[in-house]
$ cat structure.cif   # mmCIF, C-alpha atoms
data_protein
loop_
_atom_site.label_atom_id
_atom_site.label_comp_id
_atom_site.auth_asym_id
_atom_site.auth_seq_id
_atom_site.Cartn_x
_atom_site.Cartn_y
_atom_site.Cartn_z
CA MET A 1 -74.54 22.53 -63.86
CA THR A 2 -76.20 19.37 -62.58
CA SER A 3 -77.12 18.26 -59.10
CA GLU A 4 -74.13 15.87 -58.97
CA THR A 5 -72.11 16.50 -55.83
CA SER A 6 -68.84 14.66 -56.53
CA ASP A 7 -66.83 17.88 -56.91
CA SER A 8 -67.85 19.27 -53.50
CA PRO A 9 -65.80 18.19 -50.46
CA MET A 10 -67.57 15.86 -48.05
CA MET A 11 -67.76 16.90 -44.40
CA LYS A 12 -69.35 15.44 -41.32
CA ALA A 13 -72.05 17.69 -39.95
CA ARG A 14 -71.30 18.69 -36.37
CA ALA A 15 -75.01 18.66 -35.59
CA ILE A 16 -78.43 18.43 -37.20
CA PRO A 17 -81.26 20.70 -36.00
CA GLN A 18 -84.42 19.36 -34.45
CA LEU A 19 -87.78 20.08 -36.04
CA ILE A 20 -90.27 21.91 -33.84
CA ASP A 21 -92.95 19.56 -35.14
CA PRO A 22 -91.64 15.98 -35.05
CA ASP A 23 -94.44 15.03 -37.46
CA ALA A 24 -92.56 17.01 -40.13
CA GLU A 25 -89.61 14.62 -40.16
CA PRO A 26 -91.06 12.25 -42.81
CA PHE A 27 -91.92 15.28 -44.96
CA VAL A 28 -88.37 16.66 -44.76
CA ALA A 29 -86.84 13.24 -45.45
CA LYS A 30 -89.05 12.76 -48.52
CA ALA A 31 -88.33 16.31 -49.71
CA ILE A 32 -84.58 15.68 -49.51
CA GLU A 33 -85.02 12.39 -51.39
CA GLU A 34 -87.02 14.15 -54.12
CA LEU A 35 -84.53 17.00 -54.37
CA ALA A 36 -81.60 14.60 -54.61
CA SER A 37 -83.39 12.76 -57.43
CA SER A 38 -84.40 15.91 -59.33
CA GLU A 39 -81.03 16.67 -60.96
CA ILE A 40 -81.76 20.33 -60.28
CA PRO A 41 -78.89 22.12 -58.44
CA PHE A 42 -79.78 23.13 -54.90
CA LEU A 43 -78.12 23.92 -51.58
CA VAL A 44 -79.24 23.24 -48.04
CA ALA A 45 -78.93 26.43 -46.01
CA GLY A 46 -80.45 28.12 -42.97
CA THR A 47 -80.44 26.35 -39.62
CA TYR A 48 -79.31 23.05 -41.14
CA ALA A 49 -76.12 24.71 -42.42
CA VAL A 50 -75.53 26.61 -39.16
CA SER A 51 -75.83 23.36 -37.19
CA ALA A 52 -73.49 21.54 -39.57
CA TYR A 53 -70.71 24.11 -39.12
CA THR A 54 -71.16 25.08 -35.48
CA GLY A 55 -72.44 21.97 -33.72
CA ILE A 56 -75.41 23.91 -32.36
CA SER A 57 -78.57 21.84 -32.58
CA ARG A 58 -81.65 23.95 -32.12
CA LEU A 59 -85.28 23.81 -33.04
CA THR A 60 -86.34 24.86 -36.52
CA LYS A 61 -89.74 25.04 -38.14
CA ASP A 62 -88.70 24.23 -41.70
CA LEU A 63 -86.02 23.53 -44.29
CA ASP A 64 -84.36 26.27 -46.37
CA ILE A 65 -83.30 25.32 -49.89
CA PHE A 66 -81.25 27.80 -51.93
CA CYS A 67 -81.01 27.73 -55.72
CA LYS A 68 -80.35 30.03 -58.66
CA ALA A 69 -83.28 32.17 -59.77
CA GLY A 70 -83.71 30.22 -62.99
CA ASP A 71 -83.99 26.95 -61.07
CA CYS A 72 -86.63 28.07 -58.57
CA GLY A 73 -89.48 27.50 -61.02
CA ARG A 74 -87.99 24.16 -62.03
CA ILE A 75 -87.92 22.97 -58.41
CA LEU A 76 -91.47 24.17 -57.78
CA GLY A 77 -92.68 22.54 -60.98
CA TYR A 78 -90.89 19.29 -60.15
CA PHE A 79 -92.72 19.04 -56.83
CA ARG A 80 -96.06 20.10 -58.31
CA GLU A 81 -95.81 17.15 -60.71
CA ARG A 82 -95.49 14.93 -57.63
CA ASP A 83 -98.70 16.19 -56.03
CA TYR A 84 -97.19 18.79 -53.73
CA GLU A 85 -98.75 22.22 -53.41
CA ILE A 86 -96.54 25.12 -54.43
CA ALA A 87 -96.65 28.86 -53.86
CA VAL A 88 -94.68 31.84 -55.11
CA GLU A 89 -94.64 33.83 -51.90
CA ASP A 90 -92.61 36.71 -53.34
CA GLU A 91 -91.38 36.58 -56.93
CA ARG A 92 -88.36 38.66 -55.96
CA TRP A 93 -86.82 35.95 -53.78
CA ILE A 94 -88.86 33.01 -52.42
CA GLY A 95 -91.22 30.17 -53.23
CA LYS A 96 -92.67 27.35 -51.11
CA VAL A 97 -93.35 23.65 -51.47
CA LEU A 98 -96.14 22.38 -49.22
CA LYS A 99 -97.77 19.12 -48.21
CA GLY A 100 -100.57 19.65 -45.72
CA LYS A 101 -99.23 21.76 -42.84
CA HIS A 102 -95.57 21.07 -43.68
CA PHE A 103 -93.45 23.09 -46.11
CA PHE A 104 -89.96 24.07 -47.16
CA ASP A 105 -88.73 27.33 -48.65
CA VAL A 106 -87.06 27.66 -52.05
CA ILE A 107 -84.91 30.80 -51.90
CA PHE A 108 -82.91 32.38 -54.73
CA ALA A 109 -82.13 35.83 -53.32
CA SER A 110 -82.64 37.94 -50.21
CA SER A 111 -85.78 39.92 -49.52
CA ASN A 112 -83.84 43.18 -49.94
CA GLY A 113 -82.38 42.15 -53.31
CA THR A 114 -78.72 42.16 -52.24
CA MET A 115 -78.03 38.43 -52.27
CA PRO A 116 -78.68 36.62 -55.57
CA VAL A 117 -77.62 32.99 -55.49
CA GLY A 118 -75.02 32.39 -58.22
CA ASP A 119 -72.52 29.86 -59.52
CA ALA A 120 -69.93 30.73 -56.85
CA TRP A 121 -72.31 29.37 -54.22
CA PHE A 122 -72.10 25.94 -55.82
CA GLY A 123 -68.40 26.12 -56.62
CA ASP A 124 -67.48 26.45 -52.94
CA ALA A 125 -70.24 24.31 -51.47
CA ARG A 126 -69.66 21.45 -49.03
CA MET A 127 -71.43 18.11 -48.84
CA ILE A 128 -73.10 16.43 -45.90
CA GLU A 129 -75.27 13.39 -45.55
CA LEU A 130 -78.84 14.40 -44.76
CA CYS A 131 -81.70 11.94 -44.43
CA GLY A 132 -79.45 9.30 -46.00
CA PHE A 133 -78.56 11.34 -49.10
CA PRO A 134 -75.40 13.31 -49.97
CA VAL A 135 -76.45 16.93 -50.47
CA ARG A 136 -74.65 20.21 -50.95
CA ILE A 137 -74.80 22.76 -48.16
CA VAL A 138 -73.96 26.40 -48.55
CA SER A 139 -70.37 27.32 -47.69
CA PRO A 140 -69.59 29.38 -44.55
CA THR A 141 -68.85 32.40 -46.76
CA GLU A 142 -72.27 32.52 -48.39
CA LEU A 143 -73.95 31.42 -45.16
CA ILE A 144 -72.66 34.56 -43.44
CA TRP A 145 -73.71 36.73 -46.37
CA SER A 146 -77.20 35.23 -46.30
CA LYS A 147 -77.60 36.29 -42.67
CA CYS A 148 -75.97 39.74 -42.59
CA PHE A 149 -79.19 41.67 -43.16
CA ILE A 150 -81.53 39.60 -40.98
CA GLN A 151 -81.95 42.16 -38.24
CA LEU A 152 -85.63 42.62 -37.44
CA ARG A 153 -87.36 43.38 -34.18
CA HIS A 154 -88.37 39.74 -33.80
CA ARG A 155 -85.36 38.07 -35.42
CA TYR A 156 -81.63 38.73 -35.40
CA ASP A 157 -79.09 36.35 -36.96
CA GLY A 158 -75.95 38.04 -35.61
CA ALA A 159 -75.37 35.17 -33.18
CA ASP A 160 -75.37 32.71 -36.08
CA ILE A 161 -72.71 34.79 -37.84
CA ALA A 162 -70.57 34.98 -34.70
CA HIS A 163 -70.80 31.22 -34.17
CA VAL A 164 -69.94 30.44 -37.81
CA ILE A 165 -66.87 32.69 -37.61
CA LEU A 166 -65.87 31.03 -34.35
CA ARG A 167 -66.21 27.45 -35.62
CA ALA A 168 -65.40 27.81 -39.33
CA SER A 169 -63.15 30.86 -39.74
CA ASP A 170 -60.52 28.88 -41.66
CA GLU A 171 -63.11 27.91 -44.26
CA ILE A 172 -64.39 31.43 -44.93
CA ASP A 173 -63.24 33.12 -48.12
CA TRP A 174 -62.85 36.56 -46.60
CA ALA A 175 -61.96 38.29 -49.87
CA ARG A 176 -65.10 36.92 -51.51
CA LEU A 177 -67.20 37.93 -48.51
CA LEU A 178 -65.87 41.47 -48.78
CA GLY A 179 -66.70 41.42 -52.49
CA TYR A 180 -70.29 40.46 -51.74
CA LEU A 181 -70.56 43.32 -49.24
CA GLU A 182 -68.49 45.85 -51.17
CA VAL A 183 -71.28 48.44 -51.24
CA GLN A 184 -72.52 47.53 -47.75
CA TRP A 185 -69.04 47.24 -46.19
CA GLU A 186 -70.20 48.90 -42.97
CA VAL A 187 -72.56 45.97 -42.35
CA LEU A 188 -69.59 43.60 -42.53
CA LEU A 189 -67.56 45.82 -40.20
CA ILE A 190 -70.42 45.85 -37.68
CA HIS A 191 -70.55 42.06 -37.62
CA LEU A 192 -66.78 41.74 -37.27
CA LEU A 193 -66.67 44.23 -34.40
CA ASN A 194 -69.55 42.35 -32.81
CA PHE A 195 -67.53 39.13 -33.07
CA ARG A 196 -64.45 40.77 -31.53
CA TRP A 197 -66.50 42.07 -28.62
CA ILE A 198 -68.18 38.70 -28.02
CA TYR A 199 -64.96 36.68 -28.26
CA PRO A 200 -62.00 38.89 -27.26
CA THR A 201 -59.64 35.89 -27.07
CA GLU A 202 -60.57 34.85 -30.64
CA ARG A 203 -59.97 38.13 -32.46
CA ASP A 204 -57.32 36.54 -34.65
CA ARG A 205 -59.99 34.43 -36.37
CA VAL A 206 -60.74 37.50 -38.49
CA PRO A 207 -57.77 38.36 -40.74
CA GLN A 208 -56.04 41.60 -39.83
CA TRP A 209 -55.89 42.76 -43.45
CA LEU A 210 -59.68 42.75 -43.62
CA LEU A 211 -60.11 44.71 -40.42
CA ASP A 212 -57.44 47.20 -41.56
CA GLU A 213 -59.21 47.64 -44.90
CA LEU A 214 -62.59 48.29 -43.31
CA ILE A 215 -61.23 50.67 -40.68
CA ASP A 216 -59.34 52.56 -43.39
CA ARG A 217 -62.62 52.93 -45.28
CA LEU A 218 -64.25 54.25 -42.11
CA LYS A 219 -61.48 56.80 -41.59
CA THR A 220 -61.75 57.92 -45.21
CA GLN A 221 -65.52 58.22 -44.91
CA CYS A 222 -65.15 60.43 -41.81
CA ASP A 223 -63.20 62.93 -43.91
CA MET A 224 -65.92 63.12 -46.54
CA PRO A 225 -68.76 65.68 -46.51
CA LEU A 226 -72.15 64.40 -45.38
CA PRO A 227 -74.36 62.97 -48.14
CA GLN A 228 -76.87 65.44 -49.52
CA MET A 229 -79.86 63.13 -49.86
CA ARG A 230 -81.34 61.77 -46.65
CA ILE A 231 -81.36 57.98 -46.92
CA CYS A 232 -82.65 55.32 -44.56
CA ARG A 233 -80.99 52.02 -45.38
CA GLY A 234 -82.62 50.49 -42.32
CA ARG A 235 -85.30 49.18 -44.67
CA MET A 236 -82.69 46.69 -45.91
CA TYR A 237 -82.88 45.19 -42.43
CA SER A 238 -86.61 45.55 -41.85
CA ARG A 239 -89.22 47.18 -44.06
CA VAL A 240 -91.65 47.37 -41.13
CA ASP A 241 -89.37 48.74 -38.42
CA TYR A 242 -88.16 51.61 -40.61
CA GLU A 243 -91.40 52.29 -42.45
CA ILE A 244 -92.04 55.62 -40.73
CA ASP A 245 -88.69 57.00 -41.89
CA VAL A 246 -89.71 56.65 -45.53
CA LYS A 247 -93.44 57.30 -45.33
CA GLU A 248 -93.45 60.26 -42.93
CA TRP A 249 -89.96 61.59 -42.28
CA GLY A 250 -88.76 62.21 -45.83
CA PHE A 251 -85.94 59.68 -46.01
CA ALA A 252 -85.27 57.89 -49.27
CA ASP A 253 -85.77 54.15 -49.33
CA VAL A 254 -83.08 51.85 -50.71
CA GLY A 255 -84.25 53.07 -54.10
CA GLY A 256 -86.09 56.24 -55.05
CA GLU A 257 -85.82 59.88 -54.07
CA GLY A 258 -85.83 61.47 -50.64
CA GLU A 259 -85.64 65.01 -49.34
CA MET A 260 -82.29 66.75 -49.51
CA ARG A 261 -80.31 67.31 -46.37
CA GLY A 262 -80.81 70.69 -44.75
CA ASN A 263 -82.39 72.21 -41.69
CA TRP A 264 -84.58 69.26 -40.88
CA GLU A 265 -86.30 67.97 -37.82
CA ILE A 266 -89.31 65.82 -37.06
CA ASP A 267 -92.51 67.75 -36.47
CA ASP A 268 -93.95 66.00 -33.42
CA ASP A 269 -97.30 67.71 -34.00
CA GLN A 270 -97.90 65.77 -37.20
#
$ encode --input "structure.cif" --output "structure tokens"
Amino acid sequence: MTSETSDSPMMKARAIPQLIDPDAEPFVAKAIEELASSEIPFLVAGTYAVSAYTGISRLTKDLDIFCKAGDCGRILGYFRERDYEIAVEDERWIGKVLKGKHFFDVIFASSNGTMPVGDAWFGDARMIELCGFPVRIVSPTELIWSKCFIQLRHRYDGADIAHVILRASDEIDWARLLGYLEVQWEVLLIHLLNFRWIYPTERDRVPQWLLDELIDRLKTQCDMPLPQMRICRGRMYSRVDYEIDVKEWGFADVGGEGEMRGNWEIDDDQ
């Protein structure tokens, strides 16, 4: 796959976010120019994609670029050859390209390991003009998936998901979204119920078949016995906020062993 964008449908962005630091604008414009010239496949995501689909223009501190894992090193190396600083912040999902105090993120997965960027992301991408260059942006389907687990004490992206559903529901591949969240289907149900509560007159923007499927899964789950191993999946939202559950209370992390369910309670004297 090349960085050519002719196969992706062109759309007019409803809005473009504003940079918190106006001095970063030349950096972002040059970064987009370099990326467009690199012939390495990439997608614009994050706040830029949310603004494009929803029309909400808000402040952002940086630019999020998504790519496949194998292309992350290529993008970093491409910019290093052009006298940018680079950093591998976390080899599991993110790198950075820096010039002075300005930077953009190069992301190929989620911090919890559930969201690897793959070919489908490019196959259903859209195109917008950004800084004078045609670039791919992530589709509404993958944009929602990329935000489902961002639920920390200091950051929650549920409003972004609700707004994308509201403004771009017809462009969401709901079956593919369910496939991405097959194991974490309850997370999808939570976001859909949140949307219904926020916008009661817009409930029909979520297909009924999907809601029926998720509610049927919930009913089936209620008839099942409780799991035997105590698990805290909250760490998929925030490693910090749910740290005590794993380190002190005997719950298993996303991976690894925990204590078995039984007569258990927290010893407040510890």
$ residues_around --input "structure.cif" --residues "range 12-21 of chain A" --least-positions-apart "6" --cutoff "10 Å" --atoms "all atoms listed in the file" --output "number ranges by chain"
A: 28, 47-63, 102, 126-130
$ atom_distance --input "structure.cif" --atom1 "CA of Val106 in chain A" --atom2 "CA of Ile137 in chain A"
13.8 Å
$ residues_around --input "structure.cif" --residues "Trp145 in chain A" --least-positions-apart "5" --cutoff "8 Å" --atoms "only C-alpha atoms" --output "list in words"
Met115, Leu177, Tyr180 and Leu181 of chain A
$ closest_residue --input "structure.cif" --among "A:Phe42, A:Trp209, A:Phe195, A:Phe66" --to "Ile165 in chain A" --atoms "all atoms listed in the file"
A:Phe195
$ residues_around --input "structure.cif" --residues "Gly118 in chain A" --least-positions-apart "5" --cutoff "10 Å" --atoms "all atoms listed in the file" --output "mmCIF file with C-alpha atoms, in the frame of the given file"
data_model
loop_
_atom_site.group_PDB
_atom_site.id
_atom_site.type_symbol
_atom_site.label_atom_id
_atom_site.label_comp_id
_atom_site.auth_asym_id
_atom_site.auth_seq_id
_atom_site.Cartn_x
_atom_site.Cartn_y
_atom_site.Cartn_z
ATOM 1 C CA PHE A 66 -81.250 27.800 -51.930
ATOM 2 C CA CYS A 67 -81.010 27.730 -55.720
ATOM 3 C CA LYS A 68 -80.350 30.030 -58.660
ATOM 4 C CA ALA A 69 -83.280 32.170 -59.770
ATOM 5 C CA PHE A 108 -82.910 32.380 -54.730
ATOM 6 C CA ALA A 109 -82.130 35.830 -53.320
ATOM 7 C CA GLY A 123 -68.400 26.120 -56.620
#
